[in-house]
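S.K.: So here's input_30.txt, just compact mmCIF, C-alpha atoms and all ligand atoms:
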# COMPACT_ATOMS: atom_id res chain seq x y z
CA MET D 32 103.53 -30.60 71.75
CA LYS D 33 104.29 -34.16 70.61
CA ILE D 34 104.48 -35.73 67.18
CA THR D 35 101.92 -38.53 66.93
CA ASN D 36 102.43 -39.74 63.36
CA VAL D 37 104.52 -39.29 60.22
CA VAL D 38 102.71 -39.95 56.93
CA THR D 39 104.49 -40.23 53.60
CA GLU D 40 102.50 -39.61 50.42
CA VAL D 41 103.88 -39.97 46.91
CA TYR D 42 102.12 -38.62 43.81
CA ARG D 43 103.14 -38.95 40.17
CA TRP D 44 101.61 -37.69 36.91
CA LYS D 45 102.56 -37.91 33.26
CA ARG D 46 103.57 -34.79 31.39
CA ASP D 47 101.75 -34.08 28.14
CA LYS D 48 105.11 -34.29 26.44
CA PRO D 49 108.45 -35.40 27.90
CA ILE D 50 110.89 -32.54 28.54
CA ARG D 51 114.66 -32.87 28.36
CA ASN D 52 117.59 -30.95 29.80
CA GLY D 53 121.30 -31.43 29.12
CA MET D 54 121.32 -34.79 30.90
CA TYR D 55 117.88 -36.30 31.51
CA VAL D 56 114.42 -36.79 30.03
CA TYR D 57 111.46 -36.18 32.33
CA ALA D 58 108.25 -37.93 31.27
CA GLU D 59 106.64 -37.53 34.70
CA ALA D 60 106.33 -34.98 37.45
CA GLY D 61 105.13 -35.44 41.00
CA LEU D 62 105.18 -34.66 44.67
CA ASN D 63 106.86 -36.32 47.64
CA VAL D 64 104.94 -35.24 50.72
CA VAL D 65 105.61 -35.81 54.42
CA LYS D 66 102.87 -34.92 56.90
CA ILE D 67 103.74 -34.52 60.57
CA GLU D 68 100.72 -35.01 62.83
CA THR D 69 100.73 -33.71 66.40
CA ASP D 70 98.73 -34.14 69.60
CA GLU D 71 97.60 -30.49 69.38
CA GLY D 72 95.76 -30.95 66.09
CA ILE D 73 98.41 -29.15 64.00
CA THR D 74 99.57 -31.01 60.91
CA GLY D 75 102.74 -29.90 59.15
CA ILE D 76 103.08 -30.41 55.41
CA GLY D 77 106.58 -30.81 54.01
CA LEU D 78 107.82 -31.50 50.49
CA GLY D 79 110.90 -33.51 49.57
CA GLY D 80 112.83 -33.81 46.32
CA GLY D 81 113.29 -36.85 44.11
CA MET D 82 110.94 -37.14 41.16
CA THR D 83 113.05 -39.46 39.04
CA ASP D 84 111.96 -42.64 40.82
CA ASP D 85 108.57 -44.18 41.52
CA GLY D 86 108.65 -43.02 45.12
CA ARG D 87 109.09 -46.43 46.78
CA VAL D 88 112.54 -45.67 48.19
CA PHE D 89 111.38 -42.28 49.49
CA GLN D 90 108.53 -44.00 51.28
CA ALA D 91 110.70 -46.80 52.68
CA ILE D 92 113.17 -44.30 54.16
CA GLY D 93 110.24 -42.35 55.60
CA GLU D 94 109.09 -45.53 57.39
CA GLN D 95 112.64 -46.10 58.65
CA PHE D 96 112.72 -42.60 60.15
CA LYS D 97 109.24 -42.69 61.66
CA PRO D 98 110.17 -44.23 65.05
CA ILE D 99 112.91 -41.60 65.47
CA VAL D 100 110.43 -38.76 64.91
CA VAL D 101 107.20 -39.93 66.59
CA GLY D 102 107.02 -38.84 70.24
CA GLN D 103 109.39 -35.88 69.73
CA ASP D 104 108.51 -32.21 70.21
CA PRO D 105 108.09 -30.82 66.66
CA LEU D 106 109.45 -27.44 67.74
CA GLN D 107 112.84 -29.05 68.42
CA ASN D 108 113.72 -29.21 64.74
CA GLU D 109 117.46 -29.02 65.44
CA LYS D 110 117.30 -32.01 67.77
CA ILE D 111 115.19 -34.06 65.35
CA TRP D 112 117.52 -33.19 62.45
CA ASP D 113 120.48 -34.31 64.53
CA ASN D 114 118.73 -37.54 65.54
CA LEU D 115 117.99 -38.33 61.89
CA TRP D 116 121.49 -37.45 60.76
CA GLN D 117 123.54 -39.19 63.46
CA PRO D 118 123.03 -42.86 62.52
CA LYS D 119 124.23 -42.30 58.92
CA LEU D 120 123.57 -45.97 58.35
CA ILE D 121 121.60 -45.68 55.16
CA GLY D 122 123.54 -43.01 53.36
CA ARG D 123 124.60 -39.52 54.31
CA ARG D 124 123.51 -37.68 51.20
CA GLY D 125 121.21 -38.75 48.35
CA LEU D 126 117.68 -39.89 49.04
CA THR D 127 118.15 -40.21 52.81
CA THR D 128 118.82 -36.50 53.06
CA ARG D 129 115.90 -35.73 50.73
CA VAL D 130 113.59 -37.51 53.17
CA ILE D 131 115.16 -35.64 56.11
CA SER D 132 114.44 -32.47 54.09
CA ALA D 133 110.76 -33.30 53.74
CA ILE D 134 110.44 -34.09 57.46
CA ASP D 135 112.30 -30.92 58.39
CA ASN D 136 110.17 -28.73 56.08
CA ALA D 137 107.04 -30.22 57.66
CA LEU D 138 108.43 -29.36 61.12
CA TRP D 139 108.84 -25.73 60.00
CA ASP D 140 105.24 -25.77 58.82
CA VAL D 141 104.21 -26.97 62.30
CA LYS D 142 106.40 -24.30 63.90
CA GLY D 143 104.81 -21.54 61.81
CA LYS D 144 101.30 -22.79 62.48
CA ALA D 145 102.02 -23.02 66.24
CA ALA D 146 103.43 -19.48 66.23
CA ASN D 147 100.64 -18.25 63.92
CA MET D 148 103.32 -16.79 61.65
CA PRO D 149 104.55 -17.40 58.11
CA VAL D 150 107.86 -19.26 57.93
CA TYR D 151 109.67 -16.41 56.14
CA LYS D 152 109.10 -14.23 59.21
CA LEU D 153 110.47 -16.94 61.51
CA LEU D 154 113.55 -17.03 59.27
CA GLY D 155 114.17 -13.32 59.67
CA GLY D 156 111.48 -11.67 57.55
CA PHE D 157 113.94 -9.71 55.43
CA SER D 158 111.39 -8.83 52.74
CA ASP D 159 107.79 -9.54 51.75
CA SER D 160 108.54 -9.15 48.07
CA VAL D 161 111.36 -10.98 46.28
CA PRO D 162 112.60 -11.24 42.69
CA VAL D 163 111.52 -14.32 40.75
CA TYR D 164 112.65 -16.04 37.57
CA ILE D 165 110.69 -18.46 35.42
CA ALA D 166 112.53 -21.71 34.68
CA GLY D 167 111.90 -23.39 31.36
CA GLY D 168 113.47 -23.50 27.93
CA TYR D 169 113.68 -27.29 27.92
CA TYR D 170 114.34 -29.37 24.84
CA GLU D 171 111.25 -31.07 23.45
CA GLU D 172 110.51 -33.16 20.41
CA GLY D 173 109.72 -30.84 17.52
CA LYS D 174 110.47 -27.63 19.51
CA GLY D 175 112.27 -25.19 17.23
CA LEU D 176 113.99 -21.86 17.82
CA LYS D 177 110.77 -19.95 17.31
CA ASP D 178 108.89 -22.13 19.83
CA LEU D 179 111.68 -21.53 22.34
CA ALA D 180 111.62 -17.78 21.76
CA ASP D 181 107.80 -17.76 22.03
CA GLU D 182 107.92 -19.63 25.35
CA MET D 183 110.42 -17.14 26.77
CA THR D 184 108.53 -14.04 25.62
CA GLU D 185 105.33 -15.57 27.01
CA SER D 186 107.06 -15.90 30.41
CA VAL D 187 107.95 -12.22 30.17
CA SER D 188 104.38 -11.35 29.21
CA ILE D 189 103.01 -12.97 32.41
CA GLY D 190 105.25 -10.75 34.50
CA ALA D 191 108.74 -12.30 34.64
CA LYS D 192 111.75 -10.03 34.49
CA ALA D 193 114.09 -13.02 34.44
CA VAL D 194 113.90 -16.32 32.56
CA LYS D 195 116.01 -19.47 32.46
CA MET D 196 116.67 -21.85 29.58
CA LYS D 197 118.46 -25.17 29.20
CA ILE D 198 121.75 -25.67 27.41
CA GLY D 199 124.03 -28.70 27.22
CA GLY D 200 121.60 -30.91 25.30
CA ALA D 201 122.72 -29.87 21.82
CA PRO D 202 126.08 -29.19 20.14
CA ILE D 203 127.76 -26.06 21.52
CA ASN D 204 127.18 -23.83 18.50
CA GLU D 205 123.53 -24.85 18.31
CA ASP D 206 123.04 -23.94 21.98
CA VAL D 207 124.81 -20.61 21.51
CA GLU D 208 122.37 -19.90 18.68
CA ARG D 209 119.44 -20.80 20.99
CA VAL D 210 120.80 -18.34 23.58
CA ARG D 211 121.24 -15.64 20.92
CA VAL D 212 117.69 -16.09 19.65
CA VAL D 213 116.24 -15.93 23.16
CA ARG D 214 118.23 -12.81 24.04
CA GLU D 215 117.02 -11.15 20.85
CA ALA D 216 113.41 -12.16 21.59
CA ILE D 217 113.30 -10.95 25.20
CA GLY D 218 115.33 -7.80 24.62
CA PRO D 219 118.21 -6.35 26.65
CA ASP D 220 116.37 -5.61 29.91
CA ILE D 221 115.26 -9.11 30.93
CA ASP D 222 117.72 -11.27 32.88
CA LEU D 223 118.59 -14.53 31.13
CA MET D 224 119.94 -17.55 33.01
CA VAL D 225 121.26 -20.71 31.34
CA ASP D 226 121.41 -24.16 32.93
CA ALA D 227 123.55 -27.06 31.69
CA ASN D 228 122.51 -29.60 34.36
CA ALA D 229 126.13 -30.73 34.66
CA ALA D 230 126.34 -31.76 31.00
CA TYR D 231 129.87 -30.48 30.26
CA ARG D 232 133.44 -31.25 31.10
CA HIS D 233 135.11 -28.09 32.33
CA TYR D 234 136.87 -27.28 29.03
CA ASP D 235 133.63 -27.41 27.02
CA ALA D 236 131.90 -25.36 29.71
CA ILE D 237 134.62 -22.72 29.31
CA LYS D 238 134.28 -22.87 25.53
CA ILE D 239 130.50 -22.25 25.56
CA ALA D 240 130.79 -19.63 28.32
CA LYS D 241 133.11 -17.55 26.13
CA LYS D 242 130.71 -17.85 23.22
CA MET D 243 127.72 -16.80 25.38
CA GLU D 244 129.39 -13.74 26.89
CA PRO D 245 128.01 -11.32 24.25
CA TYR D 246 124.44 -12.24 25.28
CA ASP D 247 124.61 -10.87 28.83
CA VAL D 248 123.92 -14.12 30.69
CA PHE D 249 122.87 -13.53 34.32
CA TRP D 250 124.25 -16.89 35.49
CA PHE D 251 125.55 -20.15 34.02
CA GLU D 252 124.13 -22.93 36.18
CA GLU D 253 125.73 -26.33 36.88
CA PRO D 254 128.30 -26.21 34.09
CA VAL D 255 130.01 -29.40 35.28
CA ASN D 256 129.51 -32.47 37.48
CA PRO D 257 128.45 -31.47 41.02
CA ASP D 258 131.45 -33.28 42.52
CA ASP D 259 133.89 -31.38 40.30
CA TYR D 260 134.55 -28.44 42.63
CA GLN D 261 137.81 -27.56 40.89
CA GLY D 262 136.04 -27.70 37.53
CA HIS D 263 133.48 -25.17 38.79
CA LYS D 264 136.33 -22.97 39.92
CA LEU D 265 138.16 -23.21 36.60
CA VAL D 266 134.99 -22.25 34.71
CA SER D 267 134.31 -19.39 37.16
CA GLN D 268 137.80 -18.00 36.63
CA SER D 269 137.55 -18.26 32.85
CA THR D 270 134.44 -16.20 32.13
CA SER D 271 132.74 -12.96 33.06
CA ILE D 272 129.44 -14.88 33.45
CA PRO D 273 128.72 -15.68 37.12
CA ILE D 274 128.65 -19.44 37.75
CA SER D 275 125.99 -20.99 40.00
CA THR D 276 125.46 -24.46 41.41
CA GLY D 277 123.98 -26.38 44.31
CA GLU D 278 120.85 -28.32 43.35
CA ASN D 279 122.81 -31.58 43.61
CA GLU D 280 124.74 -30.58 46.71
CA TYR D 281 123.85 -31.74 50.20
CA THR D 282 124.03 -30.31 53.72
CA ARG D 283 126.14 -27.53 55.20
CA TYR D 284 129.22 -29.67 54.66
CA GLY D 285 128.87 -29.76 50.87
CA PHE D 286 128.17 -26.03 50.69
CA ARG D 287 131.03 -25.29 53.06
CA ASP D 288 133.40 -26.83 50.52
CA LEU D 289 131.87 -24.89 47.61
CA ILE D 290 132.03 -21.64 49.57
CA GLU D 291 135.50 -22.05 51.07
CA GLY D 292 136.84 -23.06 47.67
CA ARG D 293 135.29 -19.96 46.09
CA CYS D 294 134.07 -22.34 43.38
CA VAL D 295 130.98 -20.37 42.30
CA SER D 296 129.42 -16.93 42.66
CA ILE D 297 125.83 -17.98 43.39
CA LEU D 298 124.68 -20.88 45.57
CA GLN D 299 121.53 -22.82 44.75
CA PRO D 300 120.69 -25.07 47.71
CA ASP D 301 117.39 -26.90 47.30
CA PRO D 302 115.44 -27.02 50.58
CA LEU D 303 113.67 -30.18 49.34
CA ILE D 304 116.97 -31.95 48.75
CA MET D 305 119.90 -30.66 50.80
CA GLY D 306 118.51 -31.08 54.32
CA GLY D 307 115.48 -28.81 54.64
CA ILE D 308 114.95 -25.33 56.02
CA THR D 309 116.98 -26.00 59.18
CA GLU D 310 120.02 -26.79 57.04
CA ILE D 311 119.50 -24.15 54.36
CA GLN D 312 119.52 -21.45 57.08
CA LYS D 313 123.07 -22.48 57.93
CA VAL D 314 124.14 -22.40 54.30
CA ALA D 315 122.57 -18.95 53.88
CA ALA D 316 124.49 -17.66 56.92
CA MET D 317 127.76 -19.19 55.75
CA ALA D 318 127.26 -17.70 52.29
CA HIS D 319 126.37 -14.31 53.81
CA ALA D 320 129.66 -14.27 55.69
CA HIS D 321 131.39 -14.57 52.29
CA ASP D 322 129.12 -12.00 50.62
CA LEU D 323 127.62 -14.67 48.39
CA PRO D 324 123.91 -14.75 47.50
CA ILE D 325 121.72 -17.84 47.60
CA SER D 326 118.99 -18.61 45.10
CA PRO D 327 117.24 -21.82 46.14
CA HIS D 328 116.67 -24.38 43.42
CA GLY D 329 113.32 -26.01 42.78
CA ASN D 330 109.92 -25.71 44.39
CA GLN D 331 108.70 -22.13 44.60
CA ASP D 332 106.39 -22.59 47.61
CA ILE D 333 109.25 -23.29 50.01
CA GLY D 334 111.90 -21.33 48.08
CA VAL D 335 109.92 -18.10 48.47
CA HIS D 336 110.08 -18.32 52.28
CA VAL D 337 113.83 -18.88 52.21
CA VAL D 338 114.59 -16.01 49.82
CA ALA D 339 112.22 -13.65 51.65
CA GLY D 340 113.52 -14.65 55.08
CA VAL D 341 117.25 -14.16 54.72
CA PRO D 342 119.31 -11.05 53.83
CA ASN D 343 121.20 -12.67 50.95
CA GLY D 344 118.32 -14.24 49.05
CA LEU D 345 118.79 -13.39 45.37
CA THR D 346 115.78 -14.72 43.47
CA VAL D 347 113.11 -17.47 43.59
CA GLU D 348 112.87 -20.18 40.92
CA TYR D 349 109.36 -20.53 39.53
CA TYR D 350 107.84 -23.24 37.34
CA ARG D 351 104.81 -22.25 35.35
CA ALA D 352 102.18 -24.53 33.82
CA SER D 353 104.20 -25.18 30.65
CA THR D 354 106.74 -27.03 32.81
CA ASP D 355 104.48 -28.33 35.59
CA PRO D 356 100.88 -28.43 34.34
CA MET D 357 99.63 -29.78 37.68
CA TYR D 358 100.88 -26.89 39.84
CA ASP D 359 97.68 -24.87 39.66
CA LEU D 360 95.70 -28.02 40.48
CA TRP D 361 97.58 -29.64 43.36
CA CYS D 362 98.34 -26.35 45.08
CA LYS D 363 95.22 -24.67 46.43
CA GLU D 364 96.82 -21.23 46.59
CA PRO D 365 99.50 -21.14 43.89
CA LEU D 366 102.10 -18.38 43.97
CA ARG D 367 101.70 -15.77 41.27
CA VAL D 368 104.39 -13.82 39.47
CA ASP D 369 103.68 -10.13 39.90
CA ASP D 370 105.80 -7.65 37.92
CA GLY D 371 109.07 -9.51 38.42
CA VAL D 372 108.46 -10.50 42.05
CA VAL D 373 106.59 -13.00 44.19
CA HIS D 374 105.20 -12.43 47.66
CA PRO D 375 105.50 -15.10 50.35
CA PRO D 376 102.07 -16.11 51.67
CA GLU D 377 101.12 -14.49 54.96
CA ARG D 378 99.28 -17.65 56.07
CA PRO D 379 100.77 -19.41 59.15
CA GLY D 380 103.51 -21.94 58.37
CA LEU D 381 104.57 -22.57 54.78
CA GLY D 382 101.06 -21.82 53.53
CA ILE D 383 101.02 -24.94 51.37
CA GLU D 384 97.58 -26.46 51.07
CA LEU D 385 97.23 -29.61 49.01
CA ASN D 386 94.20 -30.07 46.80
CA ASP D 387 93.33 -33.62 47.86
CA GLU D 388 90.55 -33.84 45.29
CA ALA D 389 92.95 -33.13 42.40
CA LEU D 390 95.57 -35.47 43.83
CA LYS D 391 93.44 -38.44 44.85
CA ASP D 392 93.87 -40.49 41.66
CA LEU D 393 97.56 -39.64 41.32
CA ARG D 394 98.79 -41.24 44.54
CA VAL D 395 101.26 -44.05 43.90
CA GLY D 396 102.45 -44.62 47.46
MG MG U 401 119.27 -26.57 37.39
Any chance you could put this one into structure tokens?
M.R.:
Amino acid sequence: MKITNVVTEVYRWKRDKPIRNGMYVYAEAGLNVVKIETDEGITGIGLGGGMTDDGRVFQAIGEQFKPIVVGQDPLQNEKIWDNLWQPKLIGRRGLTTRVISAIDNALWDVKGKAANMPVYKLLGGFSDSVPVYIAGGYYEEGKGLKDLADEMTESVSIGAKAVKMKIGGAPINEDVERVRVVREAIGPDIDLMVDANAAYRHYDAIKIAKKMEPYDVFWFEEPVNPDDYQGHKLVSQSTSIPISTGENEYTRYGFRDLIEGRCVSILQPDPLIMGGITEIQKVAAMAHAHDLPISPHGNQDIGVHVVAGVPNGLTVEYYRASTDPMYDLWCKEPLRVDDGVVHPPERPGLGIELNDEALKDLRVG
């Protein structure tokens, strides 16, 4: 099989209301898509991360990579990854690696379709049912404690047994009160994650961690700057709450340093950001050798295959319509939360089918 074309498609849409975490405001959402076309009629669909720009850089890097990919055998994902990585001329991490991720994910879709098998089975097929948590709890204009508690209990009512909320965007005591109110609303048996999106210096992260300990927090995500490995370690050693990180980390090299340094308890590589499924497999194996779980950040449609495929997949992140109102529209077969779990699709490949009709007016590149 030969790759005949690489197509980059960028979609953006406005949110009804901007949402905010500890660091950023998001007024838009979107999709960065790479399609790999082949001479055997199979087209692979891959997604790549990077919604904070208008997509032009993503597309330009995609064009830059096209001549390296066209003509190759799509089943040689390791070779293609290496070919894309070797030049390192336009940046090793950052957006370059996000585009490599999208290409690589599309190659896995081709591989699954060629093998007539879902990707999670190609990855090892550890389980066809994996725990899921609903991410939300953002800050919004006019959103009070009751609105936050209502959002979280609504996530529980649609089947979640774990929910995540933002911290780091308000004074420490105010955030601790938000955590207390949510814990009280969801009761003692639902897991509660908190995510600071790197908003703290390590000493404030330690301060809020101590204050949150009575509320049985499942993990405290990205307490400090992603480059502050020692800061992660200091926070980890100062609290009984497990610390997690990884959505802003890249490649096996970045995760190697986090793992070898014993900086966190839970790793959150994002297959749309850190290098794609080829690379996340290596991180999962490295983590497994240290008895550490991985819980991929971001998109649920690819995350579910990773968590289901490997032995140390902890839980899948899931965004419902309150956070991404377009999900049920752009995705023809959206994943559904079912009594605390999600099931990877049994369709060949990643099982992602874009709804071109819903997306046609939202294409920006
Ligand atoms: Mg996060």
S.K.: When the cut-off is 10 Å and you count all atoms listed in the file, which residues lie near ligand MG 401 (chain U), shown as a PyMOL selection string?
M.R.: chain D and resi 52-53+166+195-197+225-229+251-254+275-279+299+328-329+348
S.K.: Hey, can you check how far CA of Tyr349 (chain D) sits from CA of Asp301 (chain D)?
M.R.: 12.9 Å
S.K.: In Å, how far is it from CA of Val255 (chain D) to CA of Asp235 (chain D)?
M.R.: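 Calculated distance between CA of Val255 (chain D) and CA of Asp235 (chain D) is 9.2 Å.
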S.K.: Would you kindly return, as number ranges by chain, each protein, DNA or RNA residue with an atom no farther than 9 Å from any atom of Thr354 (chain D), considering only C-alpha atoms and excluding same-chain residues fewer than 6 positions away?
M.R.: D: 46, 50, 166-167, 169
S.K.: Could you tell me how far CA of Asn114 (chain D) lies from CA of Ile311 (chain D), in Å and to one decimal?
M.R.: 17.5 Å
S.K.: Could you check which residues have any atom within 12 Å of (114.6, -30.9, 56.1), counting only C-alpha atoms with coordinates taken straight from the file, and then list them as a CSV table (one decimal) with C-alpha atoms, in the frame of the given file?
M.R.:
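The file below, out-v2.csv, is the result:
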chain,number,residue,atom,x,y,z
D,64,VAL,CA,104.9,-35.2,50.7
D,65,VAL,CA,105.6,-35.8,54.4
D,76,ILE,CA,103.1,-30.4,55.4
D,77,GLY,CA,106.6,-30.8,54.0
D,78,LEU,CA,107.8,-31.5,50.5
D,79,GLY,CA,110.9,-33.5,49.6
D,80,GLY,CA,112.8,-33.8,46.3
D,108,ASN,CA,113.7,-29.2,64.7
D,109,GLU,CA,117.5,-29.0,65.4
D,111,ILE,CA,115.2,-34.1,65.4
D,112,TRP,CA,117.5,-33.2,62.4
D,113,ASP,CA,120.5,-34.3,64.5
D,115,LEU,CA,118.0,-38.3,61.9
D,116,TRP,CA,121.5,-37.4,60.8
D,126,LEU,CA,117.7,-39.9,49.0
D,127,THR,CA,118.2,-40.2,52.8
D,128,THR,CA,118.8,-36.5,53.1
D,129,ARG,CA,115.9,-35.7,50.7
D,130,VAL,CA,113.6,-37.5,53.2
D,131,ILE,CA,115.2,-35.6,56.1
D,132,SER,CA,114.4,-32.5,54.1
D,133,ALA,CA,110.8,-33.3,53.7
D,134,ILE,CA,110.4,-34.1,57.5
D,135,ASP,CA,112.3,-30.9,58.4
D,136,ASN,CA,110.2,-28.7,56.1
D,137,ALA,CA,107.0,-30.2,57.7
D,138,LEU,CA,108.4,-29.4,61.1
D,139,TRP,CA,108.8,-25.7,60.0
D,140,ASP,CA,105.2,-25.8,58.8
D,281,TYR,CA,123.8,-31.7,50.2
D,282,THR,CA,124.0,-30.3,53.7
D,300,PRO,CA,120.7,-25.1,47.7
D,301,ASP,CA,117.4,-26.9,47.3
D,302,PRO,CA,115.4,-27.0,50.6
D,303,LEU,CA,113.7,-30.2,49.3
D,304,ILE,CA,117.0,-32.0,48.8
D,305,MET,CA,119.9,-30.7,50.8
D,306,GLY,CA,118.5,-31.1,54.3
D,307,GLY,CA,115.5,-28.8,54.6
D,308,ILE,CA,115.0,-25.3,56.0
D,309,THR,CA,117.0,-26.0,59.2
D,310,GLU,CA,120.0,-26.8,57.0
D,311,ILE,CA,119.5,-24.2,54.4
D,312,GLN,CA,119.5,-21.4,57.1
D,333,ILE,CA,109.2,-23.3,50.0
S.K.: Between D:Leu360, D:Asp332, D:Val341, D:Arg293, which residue has the minimum interatomic distance to Ala316 (chain D), considering all atoms listed in the file?
M.R.: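 When distances to Ala316 (chain D) are compared using all atoms listed in the file, the smallest one comes from D:Val341.
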S.K.: Neighbouring residues of Arg43 (chain D) were defined as those with any atom within 7 Å, considering all atoms listed in the file; residues of the same chain fewer than 3 positions away were excluded. Please report them as a PyMOL selection string.
M.R.: chain D and resi 59-62+393-395
S.K.: From the options D:Lys144, D:Lys391, D:Arg87, D:Lys241, which residue's atoms come nearest to Glu71 (chain D), counting only C-alpha atoms?
M.R.: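 With only C-alpha atoms as the atom set, the closest residue is D:Lys144.
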S.K.: Set the distance at 9 Å and use all atoms listed in the file: which residues neighbour Lys363 (chain D) once local chain neighbours fewer than 2 positions away are removed? I'd like the list as a ChimeraX atom specification.
M.R.: /D:358-361,365,383-386
S.K.: Considering all atoms listed in the file, can you say which of D:Pro118, D:Pro375, D:Pro49, D:Pro219 comes closest to Val337 (chain D)?
M.R.: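 Smallest separation from Val337 (chain D) among the options: D:Pro375.
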S.K.: Name the residues in contact with Pro98 (chain D) at a cut-off of 12 Å, using all atoms listed in the file, excluding same-chain residues fewer than 2 positions from it; report them as a ChimeraX atom specification.
M.R.: /D:34-38,92-96,100-103,111,114-115
S.K.: Could you check which of D:His336, D:Ala240, D:Asp288, D:Gly156 is closest to Gly199 (chain D), using all atoms listed in the file?
M.R.: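 Closest candidate: D:Ala240.
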S.K.: (115.1, -16.3, 50.8) in this file's frame - what residues fall within 9 Å of it? Use only C-alpha atoms and give the answer as a PyMOL selection string.
M.R.: chain D and resi 151+154+156-158+161+315+325-327+334-347
